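Raw upload.cif, mmCIF, C-alpha atoms; chains and numbers go by the auth columns:
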data_my_file
loop_
_atom_site.group_PDB
_atom_site.id
_atom_site.type_symbol
_atom_site.label_atom_id
_atom_site.label_comp_id
_atom_site.label_asym_id
_atom_site.label_seq_id
_atom_site.Cartn_x
_atom_site.Cartn_y
_atom_site.Cartn_z
_atom_site.B_iso_or_equiv
_atom_site.auth_seq_id
_atom_site.auth_asym_id
ATOM 1 C CA ILE A 1 0.000 0.000 0.000 0.00 1 U
ATOM 2 C CA VAL A 2 1.483 3.340 -1.061 0.00 2 U
ATOM 3 C CA ASP A 3 0.654 7.033 -0.956 0.00 3 U
ATOM 4 C CA HIS A 4 -1.679 8.568 -3.549 0.00 4 U
ATOM 5 C CA PRO A 5 -2.389 12.301 -4.033 0.00 5 U
ATOM 6 C CA ALA A 6 -6.099 11.844 -4.755 0.00 6 U
ATOM 7 C CA THR A 7 -7.195 8.824 -2.707 0.00 7 U
ATOM 8 C CA LEU A 8 -4.471 8.989 -0.004 0.00 8 U
ATOM 9 C CA VAL A 9 -3.724 5.253 -0.399 0.00 9 U
ATOM 10 C CA THR A 10 -3.553 2.845 -3.327 0.00 10 U
ATOM 11 C CA LEU A 11 -2.020 -0.457 -4.386 0.00 11 U
ATOM 12 C CA GLY A 12 1.742 -0.323 -4.805 0.00 12 U
ATOM 13 C CA GLU A 13 4.147 -2.272 -7.020 0.00 13 U
ATOM 14 C CA VAL A 14 2.998 -5.832 -6.307 0.00 14 U
ATOM 15 C CA THR A 15 5.572 -7.408 -8.625 0.00 15 U
ATOM 16 C CA SER A 16 8.588 -5.910 -6.869 0.00 16 U
ATOM 17 C CA PRO A 17 11.015 -8.505 -5.407 0.00 17 U
ATOM 18 C CA GLU A 18 10.399 -7.226 -1.870 0.00 18 U
ATOM 19 C CA VAL A 19 6.618 -7.607 -2.087 0.00 19 U
ATOM 20 C CA LEU A 20 6.822 -11.004 -3.786 0.00 20 U
ATOM 21 C CA LEU A 21 9.183 -12.313 -1.099 0.00 21 U
ATOM 22 C CA SER A 22 6.904 -10.983 1.637 0.00 22 U
ATOM 23 C CA LEU A 23 3.887 -12.643 0.059 0.00 23 U
ATOM 24 C CA ALA A 24 5.867 -15.867 -0.274 0.00 24 U
ATOM 25 C CA GLY A 25 6.746 -15.653 3.411 0.00 25 U
ATOM 26 C CA LEU A 26 3.092 -15.066 4.256 0.00 26 U
ATOM 27 C CA LEU A 27 2.060 -18.188 2.312 0.00 27 U
ATOM 28 C CA ILE A 28 4.794 -20.273 3.957 0.00 28 U
ATOM 29 C CA MET A 29 3.669 -19.167 7.423 0.00 29 U
ATOM 30 C CA ALA A 30 0.001 -19.738 6.609 0.00 30 U
ATOM 31 C CA VAL A 31 0.602 -23.262 5.281 0.00 31 U
ATOM 32 C CA LEU A 32 2.806 -24.239 8.228 0.00 32 U
ATOM 33 C CA LEU A 33 0.367 -22.742 10.756 0.00 33 U
ATOM 34 C CA SER A 34 -2.490 -24.586 9.050 0.00 34 U
ATOM 35 C CA ALA A 35 -0.467 -27.803 9.383 0.00 35 U
ATOM 36 C CA ARG A 36 0.098 -27.023 13.107 0.00 36 U
ATOM 37 C CA VAL A 37 3.877 -26.877 12.675 0.00 37 U
ATOM 38 C CA GLN A 38 5.508 -25.331 15.737 0.00 38 U
ATOM 39 C CA GLY A 39 7.743 -22.394 14.993 0.00 39 U
ATOM 40 C CA ALA A 40 5.912 -21.779 11.703 0.00 40 U
ATOM 41 C CA ILE A 41 6.334 -18.006 11.837 0.00 41 U
ATOM 42 C CA LEU A 42 10.018 -18.255 12.732 0.00 42 U
ATOM 43 C CA VAL A 43 10.581 -20.714 9.888 0.00 43 U
ATOM 44 C CA GLY A 44 8.907 -18.299 7.467 0.00 44 U
ATOM 45 C CA ILE A 45 11.095 -15.417 8.656 0.00 45 U
ATOM 46 C CA LEU A 46 14.270 -17.508 8.285 0.00 46 U
ATOM 47 C CA VAL A 47 13.363 -18.744 4.786 0.00 47 U
ATOM 48 C CA VAL A 48 12.596 -15.241 3.487 0.00 48 U
ATOM 49 C CA THR A 49 15.697 -13.801 5.188 0.00 49 U
ATOM 50 C CA VAL A 50 17.995 -16.336 3.523 0.00 50 U
ATOM 51 C CA ALA A 51 16.236 -15.728 0.186 0.00 51 U
ATOM 52 C CA CYS A 52 16.754 -11.975 0.532 0.00 52 U
ATOM 53 C CA TRP A 53 20.447 -12.448 1.287 0.00 53 U
ATOM 54 C CA THR A 54 20.889 -14.928 -1.585 0.00 54 U
ATOM 55 C CA LEU A 55 19.051 -12.820 -4.175 0.00 55 U
ATOM 56 C CA GLY A 56 20.711 -9.599 -3.079 0.00 56 U
ATOM 57 C CA VAL A 57 17.426 -7.937 -2.039 0.00 57 U
ATOM 58 C CA SER A 58 19.032 -7.071 1.287 0.00 58 U
ATOM 59 C CA PRO A 59 22.679 -7.285 2.398 0.00 59 U
ATOM 60 C CA ALA A 60 23.878 -10.326 4.307 0.00 60 U
ATOM 61 C CA PRO A 61 25.632 -9.741 7.656 0.00 61 U
ATOM 62 C CA ASP A 62 29.331 -8.896 7.495 0.00 62 U
ATOM 63 C CA ALA A 63 29.977 -10.757 10.748 0.00 63 U
ATOM 64 C CA VAL A 64 28.200 -13.058 13.166 0.00 64 U
ATOM 65 C CA PHE A 65 29.465 -11.983 16.578 0.00 65 U
ATOM 66 C CA SER A 66 30.150 -8.585 18.105 0.00 66 U
ATOM 67 C CA MET A 67 30.639 -7.238 21.617 0.00 67 U
ATOM 68 C CA PRO A 68 27.721 -5.082 22.800 0.00 68 U
ATOM 69 C CA ASP A 69 28.261 -1.447 23.744 0.00 69 U
ATOM 70 C CA LEU A 70 26.416 0.479 26.420 0.00 70 U
ATOM 71 C CA PRO A 71 24.108 3.202 25.059 0.00 71 U
ATOM 72 C CA GLU A 72 26.195 5.998 26.569 0.00 72 U
ATOM 73 C CA GLU A 73 24.117 8.807 25.030 0.00 73 U
ATOM 74 C CA THR A 74 20.866 7.553 26.574 0.00 74 U
ATOM 75 C CA LEU A 75 22.003 5.510 29.614 0.00 75 U
ATOM 76 C CA LEU A 76 20.689 7.335 32.731 0.00 76 U
ATOM 77 C CA ALA A 77 20.455 10.512 30.615 0.00 77 U
ATOM 78 C CA LEU A 78 18.151 12.396 32.982 0.00 78 U
ATOM 79 C CA ASP A 79 17.324 16.089 32.827 0.00 79 U
ATOM 80 C CA PHE A 80 15.493 17.563 35.829 0.00 80 U
ATOM 81 C CA SER A 81 15.493 21.161 34.594 0.00 81 U
ATOM 82 C CA GLY A 82 11.785 21.084 33.691 0.00 82 U
ATOM 83 C CA LEU A 83 10.674 18.990 36.663 0.00 83 U
ATOM 84 C CA LEU A 84 8.419 21.632 38.248 0.00 84 U
ATOM 85 C CA THR A 85 6.942 23.068 35.049 0.00 85 U
ATOM 86 C CA GLY A 86 3.422 22.646 33.747 0.00 86 U
ATOM 87 C CA LYS A 87 4.734 21.311 30.441 0.00 87 U
ATOM 88 C CA LEU A 88 6.127 18.208 32.136 0.00 88 U
ATOM 89 C CA LEU A 89 2.761 17.429 33.733 0.00 89 U
ATOM 90 C CA VAL A 90 1.091 17.462 30.305 0.00 90 U
ATOM 91 C CA ILE A 91 3.739 15.091 28.946 0.00 91 U
ATOM 92 C CA VAL A 92 3.405 12.732 31.912 0.00 92 U
ATOM 93 C CA LEU A 93 -0.389 12.632 31.557 0.00 93 U
ATOM 94 C CA ALA A 94 -0.094 12.020 27.807 0.00 94 U
ATOM 95 C CA PHE A 95 2.338 9.149 28.305 0.00 95 U
ATOM 96 C CA LEU A 96 0.209 7.740 31.135 0.00 96 U
ATOM 97 C CA PHE A 97 -2.888 7.769 28.935 0.00 97 U
ATOM 98 C CA VAL A 98 -1.145 6.178 25.954 0.00 98 U
ATOM 99 C CA ASP A 99 0.669 3.548 28.038 0.00 99 U
ATOM 100 C CA ILE A 100 -2.458 2.476 29.945 0.00 100 U
ATOM 101 C CA PHE A 101 -4.619 2.181 26.828 0.00 101 U
ATOM 102 C CA ASP A 102 -1.857 0.613 24.753 0.00 102 U
ATOM 103 C CA THR A 103 -1.124 -1.954 27.452 0.00 103 U
ATOM 104 C CA ALA A 104 -4.793 -2.646 28.169 0.00 104 U
ATOM 105 C CA GLY A 105 -5.496 -3.311 24.504 0.00 105 U
ATOM 106 C CA THR A 106 -2.481 -5.589 24.192 0.00 106 U
ATOM 107 C CA LEU A 107 -3.141 -7.563 27.397 0.00 107 U
ATOM 108 C CA ILE A 108 -6.809 -8.135 26.566 0.00 108 U
ATOM 109 C CA GLY A 109 -6.028 -9.111 22.972 0.00 109 U
ATOM 110 C CA VAL A 110 -3.204 -11.515 23.811 0.00 110 U
ATOM 111 C CA GLY A 111 -5.014 -12.750 26.937 0.00 111 U
ATOM 112 C CA ARG A 112 -8.075 -13.612 24.875 0.00 112 U
ATOM 113 C CA LEU A 113 -5.969 -15.465 22.321 0.00 113 U
ATOM 114 C CA ALA A 114 -4.289 -17.441 25.130 0.00 114 U
ATOM 115 C CA GLY A 115 -7.628 -18.259 26.743 0.00 115 U
ATOM 116 C CA PHE A 116 -6.885 -16.355 29.957 0.00 116 U
ATOM 117 C CA LEU A 117 -10.051 -14.226 30.114 0.00 117 U
ATOM 118 C CA ASP A 118 -12.712 -15.297 32.613 0.00 118 U
ATOM 119 C CA GLU A 119 -16.484 -15.514 32.116 0.00 119 U
ATOM 120 C CA ASN A 120 -16.760 -11.733 32.517 0.00 120 U
ATOM 121 C CA ASP A 121 -14.194 -11.086 29.777 0.00 121 U
ATOM 122 C CA GLU A 122 -11.731 -9.858 32.410 0.00 122 U
ATOM 123 C CA LEU A 123 -8.072 -10.779 32.757 0.00 123 U
ATOM 124 C CA PRO A 124 -7.390 -12.315 36.196 0.00 124 U
ATOM 125 C CA ARG A 125 -4.453 -10.764 38.105 0.00 125 U
ATOM 126 C CA SER A 126 -4.153 -8.090 35.433 0.00 126 U
ATOM 127 C CA ASP A 127 -2.828 -5.714 38.115 0.00 127 U
ATOM 128 C CA ARG A 128 0.401 -7.736 38.207 0.00 128 U
ATOM 129 C CA ALA A 129 0.718 -7.530 34.436 0.00 129 U
ATOM 130 C CA PHE A 130 0.234 -3.748 34.539 0.00 130 U
ATOM 131 C CA VAL A 131 2.846 -3.391 37.311 0.00 131 U
ATOM 132 C CA ALA A 132 5.345 -5.449 35.309 0.00 132 U
ATOM 133 C CA ASP A 133 4.616 -3.377 32.214 0.00 133 U
ATOM 134 C CA ALA A 134 5.018 -0.096 34.121 0.00 134 U
ATOM 135 C CA ALA A 135 8.280 -1.254 35.686 0.00 135 U
ATOM 136 C CA GLY A 136 9.623 -2.279 32.305 0.00 136 U
ATOM 137 C CA THR A 137 8.625 1.068 30.804 0.00 137 U
ATOM 138 C CA MET A 138 10.496 3.042 33.481 0.00 138 U
ATOM 139 C CA VAL A 139 13.567 0.827 33.800 0.00 139 U
ATOM 140 C CA GLY A 140 13.886 0.537 30.025 0.00 140 U
ATOM 141 C CA ALA A 141 13.868 4.324 29.688 0.00 141 U
ATOM 142 C CA LEU A 142 16.516 4.675 32.414 0.00 142 U
ATOM 143 C CA VAL A 143 18.904 2.229 30.778 0.00 143 U
ATOM 144 C CA GLY A 144 18.401 3.869 27.403 0.00 144 U
ATOM 145 C CA THR A 145 15.974 1.709 25.464 0.00 145 U
ATOM 146 C CA SER A 146 12.330 2.747 25.221 0.00 146 U
ATOM 147 C CA THR A 147 9.818 1.343 25.435 0.00 147 U
ATOM 148 C CA VAL A 148 10.005 -1.995 27.268 0.00 148 U
ATOM 149 C CA THR A 149 6.328 -2.914 27.258 0.00 149 U
ATOM 150 C CA SER A 150 3.896 -5.662 26.357 0.00 150 U
ATOM 151 C CA TYR A 151 3.591 -6.155 22.604 0.00 151 U
ATOM 152 C CA VAL A 152 0.783 -7.638 20.576 0.00 152 U
ATOM 153 C CA GLU A 153 3.414 -9.619 18.647 0.00 153 U
ATOM 154 C CA SER A 154 3.409 -11.952 21.665 0.00 154 U
ATOM 155 C CA ALA A 155 0.432 -13.537 19.918 0.00 155 U
ATOM 156 C CA THR A 156 2.928 -15.455 17.780 0.00 156 U
ATOM 157 C CA GLY A 157 4.405 -17.043 20.907 0.00 157 U
ATOM 158 C CA VAL A 158 0.943 -17.847 22.255 0.00 158 U
ATOM 159 C CA GLU A 159 0.074 -19.524 18.969 0.00 159 U
ATOM 160 C CA ASP A 160 3.094 -21.818 19.416 0.00 160 U
ATOM 161 C CA GLY A 161 2.035 -22.762 22.944 0.00 161 U
ATOM 162 C CA GLY A 162 3.788 -20.148 25.096 0.00 162 U
ATOM 163 C CA ARG A 163 1.264 -19.486 27.860 0.00 163 U
ATOM 164 C CA THR A 164 3.317 -19.225 31.061 0.00 164 U
ATOM 165 C CA GLY A 165 5.781 -16.815 32.657 0.00 165 U
ATOM 166 C CA LEU A 166 8.561 -19.227 31.722 0.00 166 U
ATOM 167 C CA THR A 167 8.015 -18.207 28.090 0.00 167 U
ATOM 168 C CA SER A 168 8.874 -14.604 28.955 0.00 168 U
ATOM 169 C CA VAL A 169 11.964 -15.698 30.889 0.00 169 U
ATOM 170 C CA VAL A 170 13.234 -17.730 27.932 0.00 170 U
ATOM 171 C CA VAL A 171 12.535 -14.863 25.527 0.00 171 U
ATOM 172 C CA SER A 172 14.398 -12.469 27.831 0.00 172 U
ATOM 173 C CA ALA A 173 17.403 -14.796 27.930 0.00 173 U
ATOM 174 C CA LEU A 174 17.403 -15.042 24.130 0.00 174 U
ATOM 175 C CA PHE A 175 17.204 -11.241 23.831 0.00 175 U
ATOM 176 C CA LEU A 176 20.231 -11.023 26.128 0.00 176 U
ATOM 177 C CA LEU A 177 22.160 -13.490 23.982 0.00 177 U
ATOM 178 C CA SER A 178 21.134 -11.602 20.832 0.00 178 U
ATOM 179 C CA LEU A 179 23.282 -8.673 22.007 0.00 179 U
ATOM 180 C CA PHE A 180 26.307 -10.732 20.955 0.00 180 U
ATOM 181 C CA VAL A 181 24.960 -11.510 17.458 0.00 181 U
ATOM 182 C CA VAL A 182 23.702 -8.023 16.580 0.00 182 U
ATOM 183 C CA PRO A 183 25.190 -8.125 13.019 0.00 183 U
ATOM 184 C CA VAL A 184 22.915 -11.074 12.208 0.00 184 U
ATOM 185 C CA VAL A 185 19.856 -9.657 13.969 0.00 185 U
ATOM 186 C CA ILE A 186 19.972 -6.285 12.199 0.00 186 U
ATOM 187 C CA ALA A 187 20.523 -8.026 8.861 0.00 187 U
ATOM 188 C CA VAL A 188 17.069 -9.630 9.047 0.00 188 U
ATOM 189 C CA PRO A 189 15.096 -7.454 6.586 0.00 189 U
ATOM 190 C CA VAL A 190 11.659 -5.938 7.089 0.00 190 U
ATOM 191 C CA VAL A 191 10.613 -7.989 4.066 0.00 191 U
ATOM 192 C CA ALA A 192 10.949 -11.115 6.242 0.00 192 U
ATOM 193 C CA THR A 193 9.292 -9.775 9.390 0.00 193 U
ATOM 194 C CA ALA A 194 6.331 -8.042 7.695 0.00 194 U
ATOM 195 C CA PRO A 195 4.491 -11.335 6.999 0.00 195 U
ATOM 196 C CA ALA A 196 4.706 -12.184 10.706 0.00 196 U
ATOM 197 C CA LEU A 197 2.889 -8.958 11.572 0.00 197 U
ATOM 198 C CA ILE A 198 0.164 -9.759 9.038 0.00 198 U
ATOM 199 C CA VAL A 199 -0.280 -13.166 10.662 0.00 199 U
ATOM 200 C CA VAL A 200 -0.501 -11.495 14.084 0.00 200 U
ATOM 201 C CA GLY A 201 -3.244 -9.231 12.747 0.00 201 U
ATOM 202 C CA ALA A 202 -5.171 -12.257 11.485 0.00 202 U
ATOM 203 C CA LEU A 203 -4.802 -14.005 14.854 0.00 203 U
ATOM 204 C CA MET A 204 -6.041 -10.957 16.778 0.00 204 U
ATOM 205 C CA MET A 205 -9.212 -10.779 14.660 0.00 205 U
ATOM 206 C CA ARG A 206 -10.532 -13.928 16.334 0.00 206 U
ATOM 207 C CA GLY A 207 -11.994 -11.873 19.154 0.00 207 U
ATOM 208 C CA ALA A 208 -14.220 -9.974 16.725 0.00 208 U
ATOM 209 C CA ARG A 209 -16.521 -12.986 16.318 0.00 209 U
ATOM 210 C CA GLU A 210 -17.665 -12.593 19.931 0.00 210 U
ATOM 211 C CA LEU A 211 -18.972 -9.059 19.367 0.00 211 U
ATOM 212 C CA GLU A 212 -22.711 -8.401 19.148 0.00 212 U
ATOM 213 C CA TRP A 213 -22.609 -7.049 15.601 0.00 213 U
ATOM 214 C CA ARG A 214 -26.410 -6.784 15.440 0.00 214 U
ATOM 215 C CA GLU A 215 -26.411 -4.337 18.370 0.00 215 U
ATOM 216 C CA ILE A 216 -25.245 -0.931 17.105 0.00 216 U
ATOM 217 C CA ASP A 217 -24.371 0.050 20.714 0.00 217 U
ATOM 218 C CA ASP A 218 -21.535 -2.483 20.542 0.00 218 U
ATOM 219 C CA ALA A 219 -20.955 -2.740 16.798 0.00 219 U
ATOM 220 C CA LEU A 220 -20.195 0.922 16.038 0.00 220 U
ATOM 221 C CA PRO A 221 -17.671 1.489 18.892 0.00 221 U
ATOM 222 C CA ALA A 222 -16.012 -1.828 18.046 0.00 222 U
ATOM 223 C CA PHE A 223 -15.771 -0.948 14.351 0.00 223 U
ATOM 224 C CA LEU A 224 -14.329 2.491 15.115 0.00 224 U
ATOM 225 C CA THR A 225 -11.792 0.898 17.451 0.00 225 U
ATOM 226 C CA ILE A 226 -10.680 -1.617 14.824 0.00 226 U
ATOM 227 C CA ALA A 227 -10.575 0.940 12.007 0.00 227 U
ATOM 228 C CA ALA A 228 -8.946 3.789 13.937 0.00 228 U
ATOM 229 C CA MET A 229 -5.975 1.733 15.141 0.00 229 U
ATOM 230 C CA PRO A 230 -4.343 1.155 11.724 0.00 230 U
ATOM 231 C CA PHE A 231 -5.489 4.431 10.155 0.00 231 U
ATOM 232 C CA THR A 232 -4.172 6.568 13.042 0.00 232 U
ATOM 233 C CA TYR A 233 -1.239 4.218 13.757 0.00 233 U
ATOM 234 C CA SER A 234 -2.167 4.063 17.442 0.00 234 U
ATOM 235 C CA ILE A 235 -3.808 1.453 19.678 0.00 235 U
ATOM 236 C CA ALA A 236 -4.561 4.223 22.174 0.00 236 U
ATOM 237 C CA ASN A 237 -6.411 6.308 19.562 0.00 237 U
ATOM 238 C CA GLY A 238 -8.499 3.325 18.531 0.00 238 U
ATOM 239 C CA ILE A 239 -9.521 2.515 22.101 0.00 239 U
ATOM 240 C CA SER A 240 -10.295 6.195 22.700 0.00 240 U
ATOM 241 C CA PHE A 241 -12.638 6.333 19.709 0.00 241 U
ATOM 242 C CA GLY A 242 -14.381 3.173 20.908 0.00 242 U
ATOM 243 C CA ILE A 243 -14.773 4.214 24.550 0.00 243 U
ATOM 244 C CA VAL A 244 -16.020 7.736 23.827 0.00 244 U
ATOM 245 C CA THR A 245 -18.506 6.511 21.208 0.00 245 U
ATOM 246 C CA TYR A 246 -19.739 3.690 23.458 0.00 246 U
ATOM 247 C CA VAL A 247 -20.328 6.059 26.383 0.00 247 U
ATOM 248 C CA LEU A 248 -22.105 8.690 24.281 0.00 248 U
ATOM 249 C CA ILE A 249 -24.450 6.150 22.673 0.00 249 U
ATOM 250 C CA LYS A 250 -25.359 4.619 26.041 0.00 250 U
ATOM 251 C CA VAL A 251 -25.874 8.003 27.740 0.00 251 U
ATOM 252 C CA LEU A 252 -27.939 9.469 24.893 0.00 252 U
ATOM 253 C CA ARG A 253 -30.137 6.361 24.949 0.00 253 U
ATOM 254 C CA GLY A 254 -30.666 6.821 28.683 0.00 254 U
ATOM 255 C CA ARG A 255 -28.794 3.655 29.655 0.00 255 U
ATOM 256 C CA PHE A 256 -26.659 5.348 32.294 0.00 256 U
ATOM 257 C CA LYS A 257 -26.467 2.213 34.458 0.00 257 U
ATOM 258 C CA GLU A 258 -24.608 0.317 31.719 0.00 258 U
ATOM 259 C CA VAL A 259 -21.744 2.815 31.779 0.00 259 U
ATOM 260 C CA HIS A 260 -19.143 2.745 34.562 0.00 260 U
ATOM 261 C CA PRO A 261 -18.647 6.216 36.131 0.00 261 U
ATOM 262 C CA LEU A 262 -14.913 6.109 35.333 0.00 262 U
#

Is it possible to express this structure as structure tokens?
Amino acid sequence: IVDHPATLVTLGEVTSPEVLLSLAGLLIMAVLLSARVQGAILVGILVVTVACWTLGVSPAPDAVFSMPDLPEETLLALDFSGLLTGKLLVIVLAFLFVDIFDTAGTLIGVGRLAGFLDENDELPRSDRAFVADAAGTMVGALVGTSTVTSYVESATGVEDGGRTGLTSVVVSALFLLSLFVVPVVIAVPVVATAPALIVVGALMMRGARELEWREIDDALPAFLTIAAMPFTYSIANGISFGIVTYVLIKVLRGRFKEVHPL
């Protein structure tokens, strides 16, 4: 999908090597996932990556190993000069709003896919997940890498059976080891990882079947949420559209009791 002066978006060059390789990766992942092959998405990424290197679509790594460097420019780079100004408060509130909504959307989406939601569509012990997310956000910023937060891409791990805290521990250990093979990691092209994100999007759509599409009170806010996220490039914006619309419809219909005061 590319820019267009009249319609804003249009179909791009489908026959380009990059697009064809991405589509090939998408088909590989889809077939392997359909066949219940574990690691299907990772296999697809590896196949497309090797193809890109072989065909010269993207450069192969010059080395395999390298010693990691500390991010000296951002490590503990704190500036307290604006601590007591009104501008900082606005920034903090903006980040708080975005982080809460972004995290809530991710946790509910991934939690639903993993089968963790209870009969009330709530995530048990979600307070612990939010605390872990908040801690990661702050610590990550302090050590110079923002933002360490929950990501919807975790759906790929859930699809392969990762449903416990041990999964996160293993992933963390692998991220730590990846610091020593950065030349290989950064050589993996976007062409290879894009199909994985498309698959994640398909997986996250499963929850839509549980919506009451015949009830406009639920259908319209849900549709606006789904549509606003990609078109505004923000999970937080999408949830905002949905919540505000949902509340207004309920209030204007006189169904105050169905809306939580918060």

Open item on the list: Report, in Å with one decimal, the straight-line distance from atom CA of Ala155 of chain U to atom CA of Arg214 of chain U.
Closed with: 28.0 Å

Open item on the list: For a quick check of your reading of the model, name the residues lying within 7 Å of the coordinate (-17.5, 4.9, 16.2), counting only C-alpha atoms, and write them as a list in words.
Closed with: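 Checking each residue against the 7 Å limit leaves Leu220, Pro221, Phe223, Leu224, Phe241, Gly242 and Thr245 of chain U.
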
- [ ] Run the PyMOL selection byres ((chain U and resi 48-60) around 10) against the file shown and list the residues it catches, as a list in words.
- [x]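 On this input, the PyMOL selection byres ((chain U and resi 48-60) around 10) captures Pro17, Glu18, Leu21, Ser22, Leu23, Ala24, Gly25, Leu26, Ile28, Val43, Gly44, Ile45, Leu46, Val47, Pro61, Asp62, Ala63, Pro183, Val184, Ile186, Ala187, Val188, Pro189, Val190, Val191, Ala192, Thr193 and Pro195 of chain U.
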
Given the selection you just returned, output its residues as a file containing C-alpha atoms, formatted as an mmCIF file, keeping the file's coordinate frame.
data_model
loop_
_atom_site.group_PDB
_atom_site.id
_atom_site.type_symbol
_atom_site.label_atom_id
_atom_site.label_comp_id
_atom_site.auth_asym_id
_atom_site.auth_seq_id
_atom_site.Cartn_x
_atom_site.Cartn_y
_atom_site.Cartn_z
ATOM 1 C CA PRO U 17 11.015 -8.505 -5.407
ATOM 2 C CA GLU U 18 10.399 -7.226 -1.870
ATOM 3 C CA LEU U 21 9.183 -12.313 -1.099
ATOM 4 C CA SER U 22 6.904 -10.983 1.637
ATOM 5 C CA LEU U 23 3.887 -12.643 0.059
ATOM 6 C CA ALA U 24 5.867 -15.867 -0.274
ATOM 7 C CA GLY U 25 6.746 -15.653 3.411
ATOM 8 C CA LEU U 26 3.092 -15.066 4.256
ATOM 9 C CA ILE U 28 4.794 -20.273 3.957
ATOM 10 C CA VAL U 43 10.581 -20.714 9.888
ATOM 11 C CA GLY U 44 8.907 -18.299 7.467
ATOM 12 C CA ILE U 45 11.095 -15.417 8.656
ATOM 13 C CA LEU U 46 14.270 -17.508 8.285
ATOM 14 C CA VAL U 47 13.363 -18.744 4.786
ATOM 15 C CA PRO U 61 25.632 -9.741 7.656
ATOM 16 C CA ASP U 62 29.331 -8.896 7.495
ATOM 17 C CA ALA U 63 29.977 -10.757 10.748
ATOM 18 C CA PRO U 183 25.190 -8.125 13.019
ATOM 19 C CA VAL U 184 22.915 -11.074 12.208
ATOM 20 C CA ILE U 186 19.972 -6.285 12.199
ATOM 21 C CA ALA U 187 20.523 -8.026 8.861
ATOM 22 C CA VAL U 188 17.069 -9.630 9.047
ATOM 23 C CA PRO U 189 15.096 -7.454 6.586
ATOM 24 C CA VAL U 190 11.659 -5.938 7.089
ATOM 25 C CA VAL U 191 10.613 -7.989 4.066
ATOM 26 C CA ALA U 192 10.949 -11.115 6.242
ATOM 27 C CA THR U 193 9.292 -9.775 9.390
ATOM 28 C CA PRO U 195 4.491 -11.335 6.999
#

Please write as a PDB file with C-alpha atoms, in the coordinates of the input the list of polymer residues whose atoms come within 12 Å of (-21.8, 5.4, 21.1), counting all atoms listed in the file and keeping to the coordinates of the file.
ATOM      1  CA  GLU U 215     -26.411  -4.337  18.370  1.00  0.00           C
ATOM      2  CA  ILE U 216     -25.245  -0.931  17.105  1.00  0.00           C
ATOM      3  CA  ASP U 217     -24.371   0.050  20.714  1.00  0.00           C
ATOM      4  CA  ASP U 218     -21.535  -2.483  20.542  1.00  0.00           C
ATOM      5  CA  ALA U 219     -20.955  -2.740  16.798  1.00  0.00           C
ATOM      6  CA  LEU U 220     -20.195   0.922  16.038  1.00  0.00           C
ATOM      7  CA  PRO U 221     -17.671   1.489  18.892  1.00  0.00           C
ATOM      8  CA  ALA U 222     -16.012  -1.828  18.046  1.00  0.00           C
ATOM      9  CA  PHE U 223     -15.771  -0.948  14.351  1.00  0.00           C
ATOM     10  CA  LEU U 224     -14.329   2.491  15.115  1.00  0.00           C
ATOM     11  CA  THR U 225     -11.792   0.898  17.451  1.00  0.00           C
ATOM     12  CA  SER U 240     -10.295   6.195  22.700  1.00  0.00           C
ATOM     13  CA  PHE U 241     -12.638   6.333  19.709  1.00  0.00           C
ATOM     14  CA  GLY U 242     -14.381   3.173  20.908  1.00  0.00           C
ATOM     15  CA  ILE U 243     -14.773   4.214  24.550  1.00  0.00           C
ATOM     16  CA  VAL U 244     -16.020   7.736  23.827  1.00  0.00           C
ATOM     17  CA  THR U 245     -18.506   6.511  21.208  1.00  0.00           C
ATOM     18  CA  TYR U 246     -19.739   3.690  23.458  1.00  0.00           C
ATOM     19  CA  VAL U 247     -20.328   6.059  26.383  1.00  0.00           C
ATOM     20  CA  LEU U 248     -22.105   8.690  24.281  1.00  0.00           C
ATOM     21  CA  ILE U 249     -24.450   6.150  22.673  1.00  0.00           C
ATOM     22  CA  LYS U 250     -25.359   4.619  26.041  1.00  0.00           C
ATOM     23  CA  VAL U 251     -25.874   8.003  27.740  1.00  0.00           C
ATOM     24  CA  LEU U 252     -27.939   9.469  24.893  1.00  0.00           C
ATOM     25  CA  ARG U 253     -30.137   6.361  24.949  1.00  0.00           C
ATOM     26  CA  GLY U 254     -30.666   6.821  28.683  1.00  0.00           C
ATOM     27  CA  ARG U 255     -28.794   3.655  29.655  1.00  0.00           C
ATOM     28  CA  VAL U 259     -21.744   2.815  31.779  1.00  0.00           C
TER      29      VAL U 259
END

Task: Option closest in space to Met205 of chain U, from U:Leu174, U:Ala132, U:Leu113, U:Ile91 [counting all atoms listed in the file] - done: U:Leu113

TODO: Provide the atom CA of Ile1 of chain U to atom CA of Val152 of chain U distance in Å, to one decimal place.
DONE: 22.0 Å

Task: Best match for closeness to Met229 of chain U among U:Asp118, U:Asp102, U:Tyr151, U:Lys87, counting only C-alpha atoms - done: U:Asp102

Open item on the list: Suppose a student applies the PyMOL selection byres ((chain U and resi 106) around 12) to this structure; what residues should they get, written as a PyMOL selection string?
Closed with: chain U and resi 98-105+107-113+123+126+129-130+133+149-155+200+204+234-236+239
